[in-house]
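J.: Provided herewith is a single structure, encoded as structure tokens, for subsequent inquiry.
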Amino acid sequence: MSDWPSTKANRVLASLLRIGWNVKRQTGSHKVLARDGWPNVVFAFRDREELGPRMLARISKRTGLKPEDL
């Protein structure tokens, strides 16, 4: 069983901002997130979009997000 619950994209984005990521630039629903010591990440989800456990695991590998950060 996965440690990741399904959740909305706006909640994931808020969690990323809380752990130190910031929005570098935005075009439509594509946000480029930046954080010192990490490569930039494109967050291309609409706010109400549901993200499943597999996508959250992929995001966590690129951003350092943990299940308890949600």
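In the structure tokens, chains take the letters A, B, ... in the order shown, each chain's residues start at 1, and ligands count up from 1 in the order shown.
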Write out as a list in words which residues come within 8 Å of segment 33-45 of chain A when counting only C-alpha atoms, dropping same-chain ones fewer than 2 positions away.
T.: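 So the residues in contact are Ala9, Gly20, Trp21, Asn22, Val23, Lys24, Arg25, Ser29, His30, Lys31, Asp47, Glu49, Arg62 and Thr63 of chain A.
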J.: Tell me which protein, DNA and RNA residues are within 10 Å of Leu65 of chain A, counting only C-alpha atoms, leaving out same-chain ones fewer than 6 positions away, and put them as a short mmCIF file (atom, residue, chain, number, x, y, z; two decimals) with N, CA and C atoms, in the first residue's frame.
T.:
data_model
loop_
_atom_site.label_atom_id
_atom_site.label_comp_id
_atom_site.auth_asym_id
_atom_site.auth_seq_id
_atom_site.Cartn_x
_atom_site.Cartn_y
_atom_site.Cartn_z
N VAL A 12 -1.22 20.17 -2.90
CA VAL A 12 0.17 19.78 -3.13
C VAL A 12 1.02 21.02 -3.37
N SER A 15 1.71 22.79 -0.17
CA SER A 15 2.71 22.05 0.60
C SER A 15 4.11 22.32 0.07
N LEU A 16 4.25 22.37 -1.25
CA LEU A 16 5.56 22.66 -1.84
C LEU A 16 6.02 24.07 -1.48
N ILE A 19 7.39 24.10 2.09
CA ILE A 19 8.70 23.50 2.36
C ILE A 19 9.84 24.23 1.65
N LEU A 56 2.06 11.56 -7.06
CA LEU A 56 2.64 12.19 -5.87
C LEU A 56 4.02 11.62 -5.58
N ALA A 57 4.21 10.33 -5.81
CA ALA A 57 5.53 9.72 -5.61
C ALA A 57 6.54 10.29 -6.60
N ARG A 58 6.12 10.52 -7.83
CA ARG A 58 7.01 11.11 -8.83
C ARG A 58 7.37 12.54 -8.45
N ILE A 59 6.38 13.30 -8.00
CA ILE A 59 6.64 14.68 -7.58
C ILE A 59 7.60 14.69 -6.39
#
J.: Please, what distance in Å, to one decimal, runs between atom CA of Arg54 of chain A and atom CA of Ser2 of chain A?
T.: 8.5 Å
J.: Please extract the residues of chain A with a backbone DSSP assignment of alpha helix (DSSP H) and present them as an mmCIF file with N, CA and C atoms, in the first residue's frame.
T.:
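Done, and the output landed in selection_11.cif:
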data_model
loop_
_atom_site.group_PDB
_atom_site.id
_atom_site.type_symbol
_atom_site.label_atom_id
_atom_site.label_comp_id
_atom_site.auth_asym_id
_atom_site.auth_seq_id
_atom_site.Cartn_x
_atom_site.Cartn_y
_atom_site.Cartn_z
ATOM 1 N N ALA A 9 -4.481 19.119 -6.455
ATOM 2 C CA ALA A 9 -3.241 19.768 -6.864
ATOM 3 C C ALA A 9 -2.971 21.047 -6.077
ATOM 4 N N ASN A 10 -4.025 21.799 -5.730
ATOM 5 C CA ASN A 10 -3.787 23.043 -4.986
ATOM 6 C C ASN A 10 -3.233 22.769 -3.593
ATOM 7 N N ARG A 11 -3.579 21.639 -3.006
ATOM 8 C CA ARG A 11 -3.037 21.266 -1.694
ATOM 9 C C ARG A 11 -1.557 20.868 -1.811
ATOM 10 N N VAL A 12 -1.224 20.167 -2.896
ATOM 11 C CA VAL A 12 0.166 19.776 -3.131
ATOM 12 C C VAL A 12 1.024 21.017 -3.366
ATOM 13 N N LEU A 13 0.520 21.950 -4.173
ATOM 14 C CA LEU A 13 1.265 23.184 -4.438
ATOM 15 C C LEU A 13 1.480 23.968 -3.149
ATOM 16 N N ALA A 14 0.465 24.068 -2.316
ATOM 17 C CA ALA A 14 0.597 24.771 -1.036
ATOM 18 C C ALA A 14 1.656 24.103 -0.160
ATOM 19 N N SER A 15 1.705 22.787 -0.173
ATOM 20 C CA SER A 15 2.709 22.052 0.604
ATOM 21 C C SER A 15 4.113 22.323 0.075
ATOM 22 N N LEU A 16 4.254 22.366 -1.248
ATOM 23 C CA LEU A 16 5.561 22.661 -1.840
ATOM 24 C C LEU A 16 6.025 24.066 -1.475
ATOM 25 N N LEU A 17 5.113 25.013 -1.491
ATOM 26 C CA LEU A 17 5.467 26.382 -1.118
ATOM 27 C C LEU A 17 5.875 26.455 0.353
ATOM 28 N N ARG A 18 5.224 25.654 1.191
ATOM 29 C CA ARG A 18 5.545 25.631 2.624
ATOM 30 C C ARG A 18 6.937 25.078 2.898
ATOM 31 N N PRO A 53 -1.603 8.521 -5.979
ATOM 32 C CA PRO A 53 -0.369 8.135 -5.289
ATOM 33 C C PRO A 53 0.863 8.035 -6.200
ATOM 34 N N ARG A 54 0.690 7.521 -7.414
ATOM 35 C CA ARG A 54 1.846 7.392 -8.308
ATOM 36 C C ARG A 54 2.401 8.748 -8.715
ATOM 37 N N MET A 55 1.523 9.682 -9.039
ATOM 38 C CA MET A 55 1.988 11.009 -9.433
ATOM 39 C C MET A 55 2.627 11.724 -8.246
ATOM 40 N N LEU A 56 2.056 11.564 -7.060
ATOM 41 C CA LEU A 56 2.638 12.186 -5.871
ATOM 42 C C LEU A 56 4.023 11.617 -5.575
ATOM 43 N N ALA A 57 4.214 10.327 -5.809
ATOM 44 C CA ALA A 57 5.531 9.716 -5.612
ATOM 45 C C ALA A 57 6.545 10.289 -6.599
ATOM 46 N N ARG A 58 6.117 10.518 -7.827
ATOM 47 C CA ARG A 58 7.012 11.111 -8.831
ATOM 48 C C ARG A 58 7.373 12.542 -8.454
ATOM 49 N N ILE A 59 6.383 13.295 -8.001
ATOM 50 C CA ILE A 59 6.638 14.678 -7.577
ATOM 51 C C ILE A 59 7.598 14.694 -6.393
ATOM 52 N N SER A 60 7.426 13.760 -5.464
ATOM 53 C CA SER A 60 8.271 13.732 -4.268
ATOM 54 C C SER A 60 9.728 13.465 -4.607
ATOM 55 N N LYS A 61 9.988 12.628 -5.617
ATOM 56 C CA LYS A 61 11.371 12.346 -6.020
ATOM 57 C C LYS A 61 12.061 13.598 -6.545
ATOM 58 N N ARG A 62 11.308 14.468 -7.205
ATOM 59 C CA ARG A 62 11.892 15.677 -7.786
ATOM 60 C C ARG A 62 11.930 16.860 -6.828
ATOM 61 N N THR A 63 11.114 16.815 -5.765
ATOM 62 C CA THR A 63 10.976 18.001 -4.910
ATOM 63 C C THR A 63 11.327 17.782 -3.446
#
J.: What separation in Å, quoted to one decimal, exists between atom CA of Val32 of chain A and atom CA of Ser6 of chain A?
T.: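 Between these atoms lies a distance of 22.4 Å.
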J.: Just asking: which residues within chain A are strand (DSSP E) according to DSSP, as a ChimeraX atom specification?
T.: /A:7-8,22-27,30-35,38-43,50-51
